[in-house]
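Student: One structure is given below, represented as structure tokens, and several questions about it will come after.
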Amino acid sequence: MSWDNQRAAVTDNIDDALDYALVSERVSAWVAEKPRQLIETVAEGVASLILNEFGVQNVEVRVAKPGAVPNAKTVAVSVRRSVFDSPFG
């Protein structure tokens, strides 16, 4: 996540920082809301949530699904999105 952390660095105040615990809680709640068939849907949805709810400019999300394909340890997708190109607006 791209976040302007200059103010937090100067003030050394958690209130001026991006609340990573809250981001994690919101992402977990969103993923648990309803089943989604594709990891692509999860990756795009999580990226959109973070961009829209937390004021970050850019985000990179990687979603893996271990055991989804026989003979593969895992499959994964990674998306990079910014406030300028989020497909869910």
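By convention here, the chains of the structure tokens are called A, B, ... in the order presented, each chain's residues are numbered starting at 1, and ligands are numbered starting at 1 in the order presented.
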Show me, as a ChimeraX atom specification, the residues that have an atom within 9 Å of Val61 (chain A) when counting only C-alpha atoms, minus same-chain residues fewer than 3 positions from it.
Tutor: /A:1,43-44,46-47,77-81
Student: List the neighbours of region 67-75 of chain A out to 12 Å using only C-alpha atoms; skip same-chain residues closer than 6 positions along the sequence, and give me the result as a list in words.
Tutor: Gln37, Leu38, Ile39 and Glu40 of chain A
Student: Can you pull out the residues contacting region 2-19 of chain A? Cut-off 6 Å, using only C-alpha atoms, and skip same-chain residues under 2 positions away; I want them as JSON, numbers by chain.
Tutor: {"A": [21, 22, 56, 57, 58]}
Student: Which of chain A end up as strand (DSSP E) when DSSP is run on this backbone - answer as a VMD selection string?
Tutor: chain A and resid 58 to 66 74 to 82
Student: Those residues with all heavy atoms, as a tab-separated table (two decimals), in the first residue's frame please?
Tutor:
chain	number	residue	atom	x	y	z
A	58	ASN	N	-2.04	3.64	-3.99
A	58	ASN	CA	-1.71	2.45	-4.76
A	58	ASN	C	-1.71	1.25	-3.82
A	58	ASN	O	-1.37	1.39	-2.64
A	58	ASN	CB	-0.32	2.56	-5.39
A	58	ASN	CG	-0.20	3.75	-6.29
A	58	ASN	OD1	-0.76	3.77	-7.38
A	58	ASN	ND2	0.50	4.77	-5.84
A	59	VAL	N	-2.05	0.09	-4.39
A	59	VAL	CA	-2.03	-1.13	-3.59
A	59	VAL	C	-1.65	-2.30	-4.48
A	59	VAL	O	-1.95	-2.31	-5.68
A	59	VAL	CB	-3.42	-1.37	-2.92
A	59	VAL	CG1	-4.49	-1.62	-3.96
A	59	VAL	CG2	-3.37	-2.48	-1.90
A	60	GLU	N	-0.96	-3.25	-3.90
A	60	GLU	CA	-0.68	-4.51	-4.58
A	60	GLU	C	-1.24	-5.62	-3.70
A	60	GLU	O	-0.96	-5.68	-2.50
A	60	GLU	CB	0.82	-4.73	-4.79
A	60	GLU	CG	1.11	-6.01	-5.53
A	60	GLU	CD	2.57	-6.18	-5.92
A	60	GLU	OE1	3.35	-5.24	-5.73
A	60	GLU	OE2	2.90	-7.25	-6.43
A	61	VAL	N	-2.05	-6.47	-4.30
A	61	VAL	CA	-2.71	-7.56	-3.58
A	61	VAL	C	-2.33	-8.88	-4.24
A	61	VAL	O	-2.43	-9.01	-5.47
A	61	VAL	CB	-4.25	-7.39	-3.59
A	61	VAL	CG1	-4.93	-8.58	-2.91
A	61	VAL	CG2	-4.65	-6.09	-2.93
A	62	ARG	N	-1.92	-9.84	-3.42
A	62	ARG	CA	-1.62	-11.18	-3.93
A	62	ARG	C	-2.53	-12.15	-3.20
A	62	ARG	O	-2.61	-12.14	-1.97
A	62	ARG	CB	-0.16	-11.55	-3.66
A	62	ARG	CG	0.21	-12.91	-4.21
A	62	ARG	CD	1.69	-13.22	-3.98
A	62	ARG	NE	2.09	-14.44	-4.62
A	62	ARG	CZ	1.98	-15.65	-4.06
A	62	ARG	NH1	1.48	-15.78	-2.86
A	62	ARG	NH2	2.37	-16.73	-4.72
A	63	VAL	N	-3.22	-12.98	-3.97
A	63	VAL	CA	-4.12	-13.99	-3.41
A	63	VAL	C	-3.66	-15.35	-3.91
A	63	VAL	O	-3.51	-15.55	-5.12
A	63	VAL	CB	-5.59	-13.73	-3.82
A	63	VAL	CG1	-6.49	-14.82	-3.27
A	63	VAL	CG2	-6.04	-12.36	-3.34
A	64	ALA	N	-3.47	-16.28	-2.99
A	64	ALA	CA	-3.04	-17.63	-3.33
A	64	ALA	C	-4.11	-18.63	-2.91
A	64	ALA	O	-4.85	-18.40	-1.95
A	64	ALA	CB	-1.72	-17.95	-2.64
A	65	LYS	N	-4.17	-19.72	-3.64
A	65	LYS	CA	-5.12	-20.79	-3.33
A	65	LYS	C	-4.37	-22.12	-3.38
A	65	LYS	O	-4.32	-22.79	-4.41
A	65	LYS	CB	-6.28	-20.76	-4.33
A	65	LYS	CG	-7.43	-21.67	-3.96
A	65	LYS	CD	-8.60	-21.45	-4.91
A	65	LYS	CE	-9.79	-22.27	-4.50
A	65	LYS	NZ	-10.92	-22.06	-5.42
A	66	PRO	N	-3.80	-22.50	-2.24
A	66	PRO	CA	-3.06	-23.77	-2.19
A	66	PRO	C	-3.96	-24.96	-2.52
A	66	PRO	O	-5.13	-24.99	-2.13
A	66	PRO	CB	-2.58	-23.84	-0.75
A	66	PRO	CG	-2.65	-22.44	-0.23
A	66	PRO	CD	-3.78	-21.80	-0.97
A	74	THR	N	0.56	-24.34	-5.25
A	74	THR	CA	-0.46	-23.31	-5.12
A	74	THR	C	-0.63	-22.60	-6.46
A	74	THR	O	0.21	-22.74	-7.35
A	74	THR	CB	-0.09	-22.28	-4.01
A	74	THR	OG1	-1.21	-21.45	-3.73
A	74	THR	CG2	1.10	-21.43	-4.42
A	75	VAL	N	-1.73	-21.89	-6.58
A	75	VAL	CA	-1.92	-20.95	-7.69
A	75	VAL	C	-2.16	-19.59	-7.06
A	75	VAL	O	-2.64	-19.49	-5.93
A	75	VAL	CB	-3.09	-21.34	-8.62
A	75	VAL	CG1	-2.80	-22.65	-9.32
A	75	VAL	CG2	-4.40	-21.42	-7.86
A	76	ALA	N	-1.81	-18.54	-7.77
A	76	ALA	CA	-1.95	-17.20	-7.20
A	76	ALA	C	-2.13	-16.17	-8.30
A	76	ALA	O	-1.74	-16.40	-9.45
A	76	ALA	CB	-0.73	-16.85	-6.36
A	77	VAL	N	-2.73	-15.06	-7.92
A	77	VAL	CA	-2.79	-13.89	-8.78
A	77	VAL	C	-2.31	-12.70	-7.97
A	77	VAL	O	-2.44	-12.66	-6.74
A	77	VAL	CB	-4.20	-13.60	-9.34
A	77	VAL	CG1	-4.68	-14.73	-10.22
A	77	VAL	CG2	-5.19	-13.32	-8.24
A	78	SER	N	-1.76	-11.75	-8.67
A	78	SER	CA	-1.30	-10.52	-8.05
A	78	SER	C	-1.80	-9.37	-8.90
A	78	SER	O	-1.69	-9.42	-10.13
A	78	SER	CB	0.23	-10.50	-7.98
A	78	SER	OG	0.68	-9.34	-7.36
A	79	VAL	N	-2.39	-8.37	-8.24
A	79	VAL	CA	-2.86	-7.19	-8.97
A	79	VAL	C	-2.28	-5.94	-8.33
A	79	VAL	O	-2.12	-5.87	-7.11
A	79	VAL	CB	-4.41	-7.09	-9.02
A	79	VAL	CG1	-5.00	-8.26	-9.77
A	79	VAL	CG2	-5.02	-6.97	-7.65
A	80	ARG	N	-1.95	-4.99	-9.16
A	80	ARG	CA	-1.54	-3.65	-8.71
A	80	ARG	C	-2.58	-2.68	-9.20
A	80	ARG	O	-2.88	-2.64	-10.41
A	80	ARG	CB	-0.18	-3.27	-9.29
A	80	ARG	CG	0.95	-4.05	-8.74
A	80	ARG	CD	2.25	-3.57	-9.34
A	80	ARG	NE	3.31	-4.47	-8.95
A	80	ARG	CZ	4.52	-4.45	-9.42
A	80	ARG	NH1	4.84	-3.55	-10.34
A	80	ARG	NH2	5.43	-5.29	-9.01
A	81	ARG	N	-3.14	-1.92	-8.29
A	81	ARG	CA	-4.17	-0.96	-8.66
A	81	ARG	C	-3.88	0.38	-7.99
A	81	ARG	O	-3.22	0.45	-6.96
A	81	ARG	CB	-5.56	-1.44	-8.24
A	81	ARG	CG	-5.99	-2.74	-8.89
A	81	ARG	CD	-6.22	-2.57	-10.39
A	81	ARG	NE	-6.53	-3.83	-11.03
A	81	ARG	CZ	-5.70	-4.51	-11.82
A	81	ARG	NH1	-4.49	-4.04	-12.06
A	81	ARG	NH2	-6.06	-5.64	-12.37
A	82	SER	N	-4.41	1.43	-8.60
A	82	SER	CA	-4.29	2.76	-8.01
A	82	SER	C	-5.66	3.40	-7.97
A	82	SER	O	-6.62	2.88	-8.56
A	82	SER	CB	-3.32	3.64	-8.83
A	82	SER	OG	-3.96	4.11	-9.99
Student: May I have all residues of chain A that DSSP, computed from the backbone, assigns to helix (DSSP H, G or I), given as a PyMOL selection string?
Tutor: chain A and resi 6-11+14-16+20-33+39-54
Student: Taking N, CA and C atoms for each residue, export the selection above as a compact mmCIF listing (two decimals), in the first residue's frame.
Tutor:
# COMPACT_ATOMS: atom_id res chain seq x y z
N GLN A 6 4.64 10.65 5.99
CA GLN A 6 5.49 11.73 6.48
C GLN A 6 4.97 12.31 7.80
N ARG A 7 3.68 12.58 7.88
CA ARG A 7 3.13 13.15 9.10
C ARG A 7 3.34 12.21 10.29
N ALA A 8 3.04 10.94 10.10
CA ALA A 8 3.22 9.96 11.17
C ALA A 8 4.69 9.88 11.59
N ALA A 9 5.59 9.96 10.64
CA ALA A 9 7.02 9.91 10.97
C ALA A 9 7.44 11.11 11.80
N VAL A 10 6.88 12.27 11.49
CA VAL A 10 7.23 13.49 12.22
C VAL A 10 6.60 13.50 13.61
N THR A 11 5.31 13.14 13.68
CA THR A 11 4.62 13.21 14.97
C THR A 11 4.86 12.00 15.85
N ILE A 14 0.46 7.28 16.41
CA ILE A 14 -0.25 6.22 15.69
C ILE A 14 -1.50 6.74 14.99
N ASP A 15 -2.11 7.79 15.51
CA ASP A 15 -3.31 8.35 14.89
C ASP A 15 -3.03 8.96 13.52
N ASP A 16 -1.78 9.26 13.22
CA ASP A 16 -1.40 9.82 11.93
C ASP A 16 -0.92 8.75 10.95
N TYR A 20 -2.85 -0.61 10.11
CA TYR A 20 -2.73 -1.89 9.42
C TYR A 20 -3.63 -2.95 10.04
N ALA A 21 -3.83 -2.88 11.35
CA ALA A 21 -4.72 -3.83 12.01
C ALA A 21 -6.15 -3.66 11.49
N LEU A 22 -6.58 -2.42 11.33
CA LEU A 22 -7.93 -2.17 10.82
C LEU A 22 -8.05 -2.60 9.36
N VAL A 23 -7.03 -2.36 8.57
CA VAL A 23 -7.03 -2.83 7.18
C VAL A 23 -7.19 -4.35 7.16
N SER A 24 -6.43 -5.03 7.98
CA SER A 24 -6.50 -6.49 8.05
C SER A 24 -7.88 -6.97 8.47
N GLU A 25 -8.47 -6.32 9.46
CA GLU A 25 -9.81 -6.69 9.92
C GLU A 25 -10.84 -6.51 8.82
N ARG A 26 -10.79 -5.39 8.11
CA ARG A 26 -11.76 -5.11 7.03
C ARG A 26 -11.60 -6.10 5.88
N VAL A 27 -10.36 -6.39 5.52
CA VAL A 27 -10.14 -7.35 4.43
C VAL A 27 -10.66 -8.72 4.84
N SER A 28 -10.36 -9.15 6.04
CA SER A 28 -10.84 -10.45 6.53
C SER A 28 -12.36 -10.50 6.54
N ALA A 29 -13.00 -9.44 7.00
CA ALA A 29 -14.46 -9.40 7.05
C ALA A 29 -15.05 -9.44 5.64
N TRP A 30 -14.45 -8.71 4.70
CA TRP A 30 -14.95 -8.69 3.33
C TRP A 30 -14.83 -10.07 2.69
N VAL A 31 -13.70 -10.72 2.89
CA VAL A 31 -13.49 -12.04 2.31
C VAL A 31 -14.49 -13.04 2.90
N ALA A 32 -14.78 -12.92 4.19
CA ALA A 32 -15.69 -13.85 4.86
C ALA A 32 -17.17 -13.57 4.56
N GLU A 33 -17.49 -12.38 4.03
CA GLU A 33 -18.87 -11.98 3.75
C GLU A 33 -19.64 -12.98 2.91
N ILE A 39 -10.11 -16.42 -7.47
CA ILE A 39 -9.15 -15.62 -6.71
C ILE A 39 -8.96 -14.26 -7.37
N GLU A 40 -9.24 -14.17 -8.66
CA GLU A 40 -9.19 -12.88 -9.34
C GLU A 40 -10.23 -11.91 -8.75
N THR A 41 -11.42 -12.43 -8.47
CA THR A 41 -12.48 -11.62 -7.87
C THR A 41 -12.07 -11.13 -6.49
N VAL A 42 -11.46 -12.01 -5.72
CA VAL A 42 -11.00 -11.64 -4.38
C VAL A 42 -9.91 -10.57 -4.46
N ALA A 43 -8.94 -10.77 -5.33
CA ALA A 43 -7.84 -9.81 -5.46
C ALA A 43 -8.35 -8.42 -5.86
N GLU A 44 -9.22 -8.38 -6.87
CA GLU A 44 -9.75 -7.09 -7.32
C GLU A 44 -10.62 -6.44 -6.25
N GLY A 45 -11.43 -7.23 -5.57
CA GLY A 45 -12.30 -6.70 -4.52
C GLY A 45 -11.53 -6.15 -3.34
N VAL A 46 -10.50 -6.87 -2.93
CA VAL A 46 -9.66 -6.41 -1.81
C VAL A 46 -8.93 -5.13 -2.20
N ALA A 47 -8.40 -5.09 -3.41
CA ALA A 47 -7.72 -3.87 -3.88
C ALA A 47 -8.68 -2.68 -3.85
N SER A 48 -9.88 -2.89 -4.35
CA SER A 48 -10.87 -1.82 -4.38
C SER A 48 -11.24 -1.36 -2.96
N LEU A 49 -11.46 -2.31 -2.07
CA LEU A 49 -11.79 -1.98 -0.68
C LEU A 49 -10.71 -1.11 -0.05
N ILE A 50 -9.47 -1.51 -0.20
CA ILE A 50 -8.36 -0.76 0.40
C ILE A 50 -8.25 0.64 -0.20
N LEU A 51 -8.37 0.73 -1.51
CA LEU A 51 -8.28 2.04 -2.16
C LEU A 51 -9.42 2.96 -1.72
N ASN A 52 -10.61 2.42 -1.63
CA ASN A 52 -11.78 3.24 -1.34
C ASN A 52 -11.95 3.58 0.14
N GLU A 53 -11.55 2.69 1.03
CA GLU A 53 -11.81 2.90 2.45
C GLU A 53 -10.64 3.47 3.25
N PHE A 54 -9.44 3.37 2.71
CA PHE A 54 -8.29 3.76 3.53
C PHE A 54 -7.44 4.88 2.96
